[in-house]
Amino acid sequence: MESIWMAESEIRKREALSGDLQSEAAVIGAGMAGILTAYYLKQAGLNTVVLEADRIGSGQTKNTTAKITSQHGLIYDRLIRVFGREMAYHYARANEGAIGEYERLIREKKIDCDFVRYSAYLYSQAQELPLQKEAQAARALGIPAAFETESELPFPVSGIVRFDGQARFHPLKFLRALAEEVTVYEETKVLKVDGQQIETDRGIVTAEHVIFASHFPFLNVPGYYFARMYQERSYVLALEGVPVPEGMYLGVDPKGISLCPCGNHLLMGGGSHRTGKNQKGGEYERLRKKAGEYYPGYHESAHWSAQDCMTLDGVPYIGQFSRRKPRWYVATGFGKWGMTGAMAGAHILTSLITGKDCPQGDIFSPQRQFTMQAAQELLSHGAYTAKGLAKHLLPGKTQDFIPNCPHMGCRLEWNPEEETFDCPCHGSRFDKDGRLIDGPAQTDCKKR
Ligand code: FES
C-alpha cells in the first residue's frame, strides 16, 4: 500500500537524459538528499544536474514518517563518550541547524508543505536513568532538553525526554516545490562511474564533482559501503478517529513504537528488523494489535513500510566517497533520520565542494575514526553476510529465477509480509518475480 504522502501529492514528470552532457556537478538520486544537495550547489553557482533511475521522490523519501528532528534515539550521551564533546556538538548543531534551514527555505519560497513545529519525545516504560543521561548530554550540547515523568501517551511511562522546537512536514509537497529549482533527468539509470564520467542508459555525463545520493551506494569499490552498512525495514500505520498527541514520540525500549501527529492522522511506527529477517511476517498485525489496545475503535487509512541504511556506529556517512576519489562525494546511512540527515548532508557536501570551512564535516566523514562499537558491528555484519553467501548454492524452490542476489550473490529470503524477496546481506529487495525494487543491487535476478 502507498504512504499517505503519495496519495496526496503528484510530482511533475521530467524528461530522460538524451545524449551526452557536461556539468560542474552531477548528483545521482532525486530523493530528499539529492534534490537538496543539487539546490544548494546551484545556489553556490555550480551548474548541476540530477540523474534519477526512476522518478523524483520514488525511493525512500516517500516512505518516511517525516519527522524533522535532532532527537535520534539515545544518541548524545553515547556520542560524547565515543567521539568526545566537540564532535558530538557538531552532530547536534548539524541536525538542529537542519530544522531551522527547512523552516527558512519553506518561508522564503512560500512552500505549502504542512510544516509544523512540535516537541519531540523519547519515552521508556522500563527505565529512567538512560533518559536522564540523554537529557543531560543533549543540554550540554546546547539542545533545549528536559527529563520528565508525565506524558499524554495512552500507556504509563517511566520517563520521557523532551526536545522543543522540532518539526514535521509533508515531504513530497516540499520535494515537489524544491525540485522545480533544479535540473533533473528522470528514468536515467546510472550504470557505471569511471573517474568523472558517469555512464547512464541514456548517455554519458561528465562532471567535475560526482555526488552519490541514491540511498545505498551501488558501487562496491572503492568505499566498501557494503561492508560497513546494512538495511532495516520498519512499518507504519496511519490511524484516524483517535486522539492525536501534541508531540512526536519514540520508544527507546526494545519493540517500542513511534507516534507522530499528521493532521487528523496519527502515524504509528515500529517493528524494525534487519532486511531479509522477516521470514514469518506479522509485523503489521503486531502494530495493529497495539493500535487496538491503545486506541480502540481506530480506523486504519493506510499502511506502508520504510527501508533505512544503518551505519556501524550509528552516524551517517557524509563527505568524500573515498580517499582514492577526491571529487566523488556521498551522503548515506541516515538511519531512521533521513530528513535532517538529507539537509545536513546537503550543507556539508556543498561546503566541501565549494571549498568552504565546515567543522561539522568531521563527525560525518566516511573516513572518520573506527570505534569499538563499529568494530563489533563489523564482525556481526560480516557473520551475517557470510551466512547469506554460504546459502547461495542451496537449490532454489519453484521460481523461474535464481533466488540469489545479483549484488554479491547472497541467498534471498522470502518476506511474506510484503511478498518480496529480500537480501539479508546488504538489503536489496526484489518482487515475487525477481524484479529489482531496492539496491544496492542494480539488476533483476537472473532467469533460470
Ligand atoms: Fe549485497 Fe544482496 S544486497 S548481496
# chains A, B, ... in the order shown; residues from 1 in each chain; ligands from 1
>>> residues_near_ligand(ligand="ligand 1", cutoff="7 Å", atoms="only C-alpha atoms and all ligand atoms", output="PyMOL selection string")
chain A and resi 226+405-410+423-428+439-441
>>> closest_atom_pairs(of="region 309-408 of chain A", to="region 230-247 of chain A", cutoff="12 Å", atoms="only C-alpha atoms", output="CSV")
residue,atom,partner,partner_atom,distance
A:Cys309,CA,A:Gln231,CA,4.5
A:Met310,CA,A:Tyr230,CA,5.4
A:Thr311,CA,A:Tyr230,CA,6.9
A:Leu312,CA,A:Tyr230,CA,8.4
A:Asp313,CA,A:Tyr230,CA,11.7
A:Gly314,CA,A:Tyr230,CA,11.1
A:Thr332,CA,A:Tyr230,CA,11.2
A:Gly333,CA,A:Tyr230,CA,8.7
A:Phe334,CA,A:Gln231,CA,10.5
A:Gly335,CA,A:Glu232,CA,8.5
A:Lys336,CA,A:Glu232,CA,9.1
A:Glu377,CA,A:Tyr230,CA,10.1
A:Leu378,CA,A:Tyr230,CA,10.1
A:Ser380,CA,A:Tyr230,CA,10.9
A:His381,CA,A:Tyr230,CA,7.6
A:Gly382,CA,A:Tyr230,CA,10.3
A:Tyr384,CA,A:Tyr230,CA,10.0
A:Thr385,CA,A:Tyr230,CA,9.8
>>> select_by_dssp(residues="region 11-155 of chain A", states="helix (DSSP H, G or I)", output="PyMOL selection string")
chain A and resi 32-43+60-63+76-83+85-108+129-140
>>> closest_residue(among="A:Ala331, A:Leu79, A:Arg85, A:Ala135", to="Pro217 (chain A)", atoms="only C-alpha atoms")
A:Ala331
>>> residues_around(residues="Gln43 (chain A)", least_positions_apart="6", cutoff="12 Å", atoms="only C-alpha atoms", output="CSV table (one decimal) with all heavy atoms, in the first residue's frame")
chain,number,residue,atom,x,y,z
A,36,LEU,N,18.1,18.4,-2.4
A,36,LEU,CA,18.6,19.4,-1.6
A,36,LEU,C,20.1,19.8,-1.9
A,36,LEU,O,20.5,20.9,-2.0
A,36,LEU,CB,18.6,19.1,-0.1
A,36,LEU,CG,17.2,19.2,0.6
A,36,LEU,CD1,17.2,18.5,2.0
A,36,LEU,CD2,16.8,20.6,0.7
A,37,THR,N,20.9,18.7,-2.1
A,37,THR,CA,22.3,19.0,-2.5
A,37,THR,C,22.4,19.7,-3.8
A,37,THR,O,23.1,20.7,-3.9
A,37,THR,CB,23.1,17.6,-2.6
A,37,THR,OG1,22.9,17.0,-1.3
A,37,THR,CG2,24.5,17.8,-2.8
A,181,GLU,N,13.4,23.8,-8.9
A,181,GLU,CA,14.5,24.8,-8.9
A,181,GLU,C,15.8,24.1,-9.5
A,181,GLU,O,16.8,24.8,-9.6
A,181,GLU,CB,14.8,25.2,-7.5
A,181,GLU,CG,13.6,25.7,-6.7
A,181,GLU,CD,13.6,27.2,-6.5
A,181,GLU,OE1,14.7,27.9,-6.8
A,181,GLU,OE2,12.6,27.8,-6.1
A,182,VAL,N,15.7,22.8,-9.8
A,182,VAL,CA,17.0,22.2,-10.2
A,182,VAL,C,16.7,21.4,-11.5
A,182,VAL,O,15.5,21.1,-11.8
A,182,VAL,CB,17.5,21.2,-9.1
A,182,VAL,CG1,18.0,22.0,-7.9
A,182,VAL,CG2,16.5,20.1,-8.7
A,346,ALA,N,23.4,17.9,2.6
A,346,ALA,CA,23.4,18.9,1.5
A,346,ALA,C,24.3,20.1,1.9
A,346,ALA,O,25.1,20.5,1.1
A,346,ALA,CB,22.0,19.5,1.2
A,347,HIS,N,24.3,20.5,3.1
A,347,HIS,CA,25.2,21.6,3.6
A,347,HIS,C,26.6,21.2,3.6
A,347,HIS,O,27.5,21.9,3.2
A,347,HIS,CB,24.7,22.1,4.9
A,347,HIS,CG,23.6,23.1,4.7
A,347,HIS,ND1,23.9,24.5,4.4
A,347,HIS,CD2,22.3,23.0,4.6
A,347,HIS,CE1,22.7,25.1,4.2
A,347,HIS,NE2,21.7,24.2,4.3
A,350,THR,N,28.0,20.6,0.0
A,350,THR,CA,28.1,21.9,-0.7
A,350,THR,C,29.4,22.7,-0.2
A,350,THR,O,30.2,23.2,-0.9
A,350,THR,CB,26.9,22.8,-0.5
A,350,THR,OG1,25.8,22.0,-1.0
A,350,THR,CG2,27.0,24.1,-1.3
A,351,SER,N,29.6,22.6,1.2
A,351,SER,CA,30.8,23.3,1.7
A,351,SER,C,32.1,22.6,1.2
A,351,SER,O,33.0,23.3,0.8
A,351,SER,CB,30.8,23.2,3.3
A,351,SER,OG,29.7,23.9,3.7
A,354,THR,N,32.6,23.4,-2.5
A,354,THR,CA,32.9,24.8,-2.8
A,354,THR,C,34.1,25.3,-2.0
A,354,THR,O,34.4,26.5,-2.0
A,354,THR,CB,31.7,25.7,-2.6
A,354,THR,OG1,31.3,25.6,-1.2
A,354,THR,CG2,30.5,25.4,-3.5
>>> closest_residue(among="A:Lys13, A:Lys67, A:Arg274, A:Arg324", to="Gln166 (chain A)", atoms="only C-alpha atoms")
A:Lys67
>>> residues_around(residues="region 211-214 of chain A", least_positions_apart="2", cutoff="8 Å", atoms="only C-alpha atoms", output="list in words")
Ala25, Ala26, Val27, Ile28, Gly29, Ala30, Gly31, Ala33, Gly34, His209, Phe216, Pro217, Trp328, Tyr329, Val330, Ala331 and Thr332 of chain A
>>> residues_around(residues="Pro144 (chain A)", least_positions_apart="2", cutoff="7 Å", atoms="only C-alpha atoms", output="ChimeraX atom specification")
/A:139,142,146,163-164
>>> residues_around(residues="region 112-114 of chain A", least_positions_apart="2", cutoff="8 Å", atoms="only C-alpha atoms", output="list in words")
Ile106, Lys110, Val116, Arg168, Phe169, His170, Pro171, Lys173 and Phe174 of chain A
>>> closest_residue(among="A:Phe321, A:Tyr76, A:Tyr89, A:Tyr121", to="Met248 (chain A)", atoms="only C-alpha atoms")
A:Tyr121
>>> select_by_dssp(residues="region 254-425 of chain A", states="strand (DSSP E or B)", output="tab-separated table (two decimals) with N, CA and C atoms, in the first residue's frame")
chain	number	residue	atom	x	y	z
A	258	SER	N	6.73	4.23	17.63
A	258	SER	CA	6.82	5.68	17.48
A	258	SER	C	5.44	6.21	17.11
A	259	LEU	N	5.16	7.43	17.54
A	259	LEU	CA	3.86	8.07	17.27
A	259	LEU	C	4.13	9.47	16.74
A	260	CYS	N	3.48	9.81	15.64
A	260	CYS	CA	3.72	11.14	15.07
A	260	CYS	C	2.40	11.73	14.59
A	261	PRO	N	2.04	12.93	15.07
A	261	PRO	CA	0.81	13.56	14.59
A	261	PRO	C	0.97	14.02	13.16
A	262	CYS	N	-0.10	13.91	12.39
A	262	CYS	CA	-0.03	14.29	10.98
A	262	CYS	C	-1.44	14.71	10.57
A	265	HIS	N	-4.45	12.55	11.22
A	265	HIS	CA	-3.92	11.18	11.33
A	265	HIS	C	-2.94	11.08	12.50
A	266	LEU	N	-2.81	9.88	12.98
A	266	LEU	CA	-1.72	9.56	13.89
A	266	LEU	C	-0.90	8.47	13.19
A	267	LEU	N	0.39	8.72	12.98
A	267	LEU	CA	1.25	7.71	12.36
A	267	LEU	C	1.88	6.88	13.47
A	268	MET	N	1.62	5.58	13.42
A	268	MET	CA	2.19	4.67	14.42
A	268	MET	C	3.21	3.78	13.72
A	269	GLY	N	4.46	3.83	14.18
A	269	GLY	CA	5.52	3.06	13.50
A	269	GLY	C	6.18	2.08	14.46
A	270	GLY	N	6.77	1.04	13.89
A	270	GLY	CA	7.50	0.08	14.72
A	270	GLY	C	7.87	-1.15	13.92
A	271	GLY	N	8.26	-2.21	14.66
A	271	GLY	CA	8.54	-3.50	14.03
A	271	GLY	C	9.84	-3.57	13.25
A	272	SER	N	10.82	-2.72	13.63
A	272	SER	CA	12.09	-2.70	12.88
A	272	SER	C	12.77	-4.06	12.90
A	273	HIS	N	13.32	-4.44	11.78
A	273	HIS	CA	14.16	-5.65	11.73
A	273	HIS	C	15.13	-5.51	10.57
A	274	ARG	N	16.20	-6.24	10.64
A	274	ARG	CA	17.16	-6.23	9.53
A	274	ARG	C	16.45	-6.73	8.28
A	299	HIS	N	-9.53	3.76	12.99
A	299	HIS	CA	-9.68	3.38	11.59
A	299	HIS	C	-8.30	3.49	10.93
A	300	GLU	N	-7.91	2.45	10.19
A	300	GLU	CA	-6.60	2.48	9.53
A	300	GLU	C	-6.79	3.01	8.10
A	301	SER	N	-6.21	4.15	7.78
A	301	SER	CA	-6.41	4.68	6.43
A	301	SER	C	-5.26	4.34	5.49
A	302	ALA	N	-4.13	3.93	6.01
A	302	ALA	CA	-3.02	3.50	5.14
A	302	ALA	C	-2.00	2.74	5.97
A	303	HIS	N	-1.23	1.94	5.31
A	303	HIS	CA	-0.05	1.33	5.95
A	303	HIS	C	1.05	1.23	4.91
A	304	TRP	N	2.27	1.34	5.35
A	304	TRP	CA	3.40	1.23	4.42
A	304	TRP	C	4.66	0.88	5.21
A	305	SER	N	5.72	0.59	4.49
A	305	SER	CA	6.96	0.23	5.16
A	305	SER	C	8.10	1.10	4.65
A	306	ALA	N	9.14	1.18	5.46
A	306	ALA	CA	10.30	2.01	5.11
A	306	ALA	C	11.56	1.15	5.15
A	307	GLN	N	12.55	1.60	4.43
A	307	GLN	CA	13.83	0.88	4.39
A	307	GLN	C	14.93	1.89	4.69
A	308	ASP	N	15.73	1.62	5.71
A	308	ASP	CA	16.75	2.59	6.13
A	308	ASP	C	18.14	1.98	6.12
A	309	CYS	N	19.12	2.80	5.76
A	309	CYS	CA	20.53	2.36	5.77
A	309	CYS	C	21.14	2.65	7.14
A	310	MET	N	21.70	1.64	7.75
A	310	MET	CA	22.27	1.77	9.10
A	310	MET	C	23.79	1.65	9.02
A	311	THR	N	24.50	2.57	9.67
A	311	THR	CA	25.96	2.51	9.66
A	311	THR	C	26.46	1.76	10.90
A	317	TYR	N	27.22	8.54	6.83
A	317	TYR	CA	28.45	8.77	6.08
A	317	TYR	C	28.17	9.92	5.10
A	318	ILE	N	28.76	11.08	5.39
A	318	ILE	CA	28.57	12.24	4.52
A	318	ILE	C	29.95	12.85	4.27
A	319	GLY	N	30.36	12.92	3.02
A	319	GLY	CA	31.66	13.51	2.73
A	319	GLY	C	32.28	12.89	1.51
A	320	GLN	N	33.63	12.85	1.53
A	320	GLN	CA	34.35	12.29	0.39
A	320	GLN	C	34.05	10.78	0.29
A	321	PHE	N	33.73	10.32	-0.92
A	321	PHE	CA	33.33	8.92	-1.10
A	321	PHE	C	34.46	7.97	-0.68
A	322	SER	N	35.67	8.34	-1.09
A	322	SER	CA	36.84	7.52	-0.76
A	322	SER	C	38.08	8.39	-0.91
A	325	LYS	N	39.22	8.80	-4.42
A	325	LYS	CA	38.40	9.54	-5.40
A	325	LYS	C	38.07	10.92	-4.82
A	326	PRO	N	39.00	11.84	-4.88
A	326	PRO	CA	38.80	13.13	-4.19
A	326	PRO	C	37.62	13.95	-4.67
A	327	ARG	N	37.12	13.71	-5.89
A	327	ARG	CA	35.98	14.53	-6.34
A	327	ARG	C	34.68	13.72	-6.46
A	328	TRP	N	34.65	12.61	-5.72
A	328	TRP	CA	33.40	11.88	-5.54
A	328	TRP	C	32.94	12.12	-4.10
A	329	TYR	N	31.65	12.24	-3.92
A	329	TYR	CA	31.09	12.51	-2.58
A	329	TYR	C	29.90	11.59	-2.33
A	330	VAL	N	29.57	11.44	-1.06
A	330	VAL	CA	28.46	10.54	-0.71
A	330	VAL	C	27.66	11.10	0.46
A	331	ALA	N	26.37	10.81	0.46
A	331	ALA	CA	25.52	11.09	1.63
A	331	ALA	C	24.62	9.87	1.78
A	332	THR	N	24.86	9.10	2.82
A	332	THR	CA	24.09	7.86	3.02
A	332	THR	C	24.10	7.48	4.50
A	401	PHE	N	13.30	-17.82	-11.53
A	401	PHE	CA	14.57	-17.08	-11.48
A	401	PHE	C	15.41	-17.68	-10.35
A	404	ASN	N	19.20	-15.81	-5.93
A	404	ASN	CA	20.44	-15.27	-5.36
A	404	ASN	C	20.54	-13.80	-5.77
A	411	ARG	N	21.89	-15.56	-0.78
A	411	ARG	CA	20.59	-16.18	-0.99
A	411	ARG	C	19.50	-15.24	-0.47
A	413	GLU	N	15.77	-14.10	0.90
A	413	GLU	CA	14.78	-14.67	1.83
A	413	GLU	C	13.39	-14.14	1.47
A	414	TRP	N	12.40	-15.01	1.52
A	414	TRP	CA	11.02	-14.62	1.22
A	414	TRP	C	10.46	-13.80	2.37
A	415	ASN	N	9.83	-12.68	2.07
A	415	ASN	CA	9.20	-11.82	3.07
A	415	ASN	C	7.68	-11.89	2.84
A	420	THR	N	7.87	-10.12	-1.06
A	420	THR	CA	9.10	-9.75	-1.76
A	420	THR	C	10.20	-10.74	-1.38
A	421	PHE	N	11.24	-10.75	-2.19
A	421	PHE	CA	12.45	-11.49	-1.83
A	421	PHE	C	13.46	-10.45	-1.36
A	422	ASP	N	13.94	-10.61	-0.12
A	422	ASP	CA	14.83	-9.61	0.48
A	422	ASP	C	16.20	-10.22	0.74
>>> closest_residue(among="A:Tyr295, A:Tyr284, A:Tyr39, A:Tyr185", to="Leu105 (chain A)", atoms="only C-alpha atoms")
A:Tyr39
>>> atom_distance(atom1="CA of Tyr91 (chain A)", atom2="CA of Phe364 (chain A)")
7.8 Å
>>> closest_residue(among="A:Trp5, A:Phe430, A:Phe370, A:Tyr40", to="Gly345 (chain A)", atoms="only C-alpha atoms")
A:Tyr40
>>> closest_residue(among="A:Lys192, A:Thr183, A:Ile80, A:Met6", to="Leu46 (chain A)", atoms="only C-alpha atoms")
A:Thr183
>>> residues_around(residues="Arg435 (chain A)", least_positions_apart="6", cutoff="8 Å", atoms="only C-alpha atoms", output="list in words")
Thr443, Asp444 and Cys445 of chain A
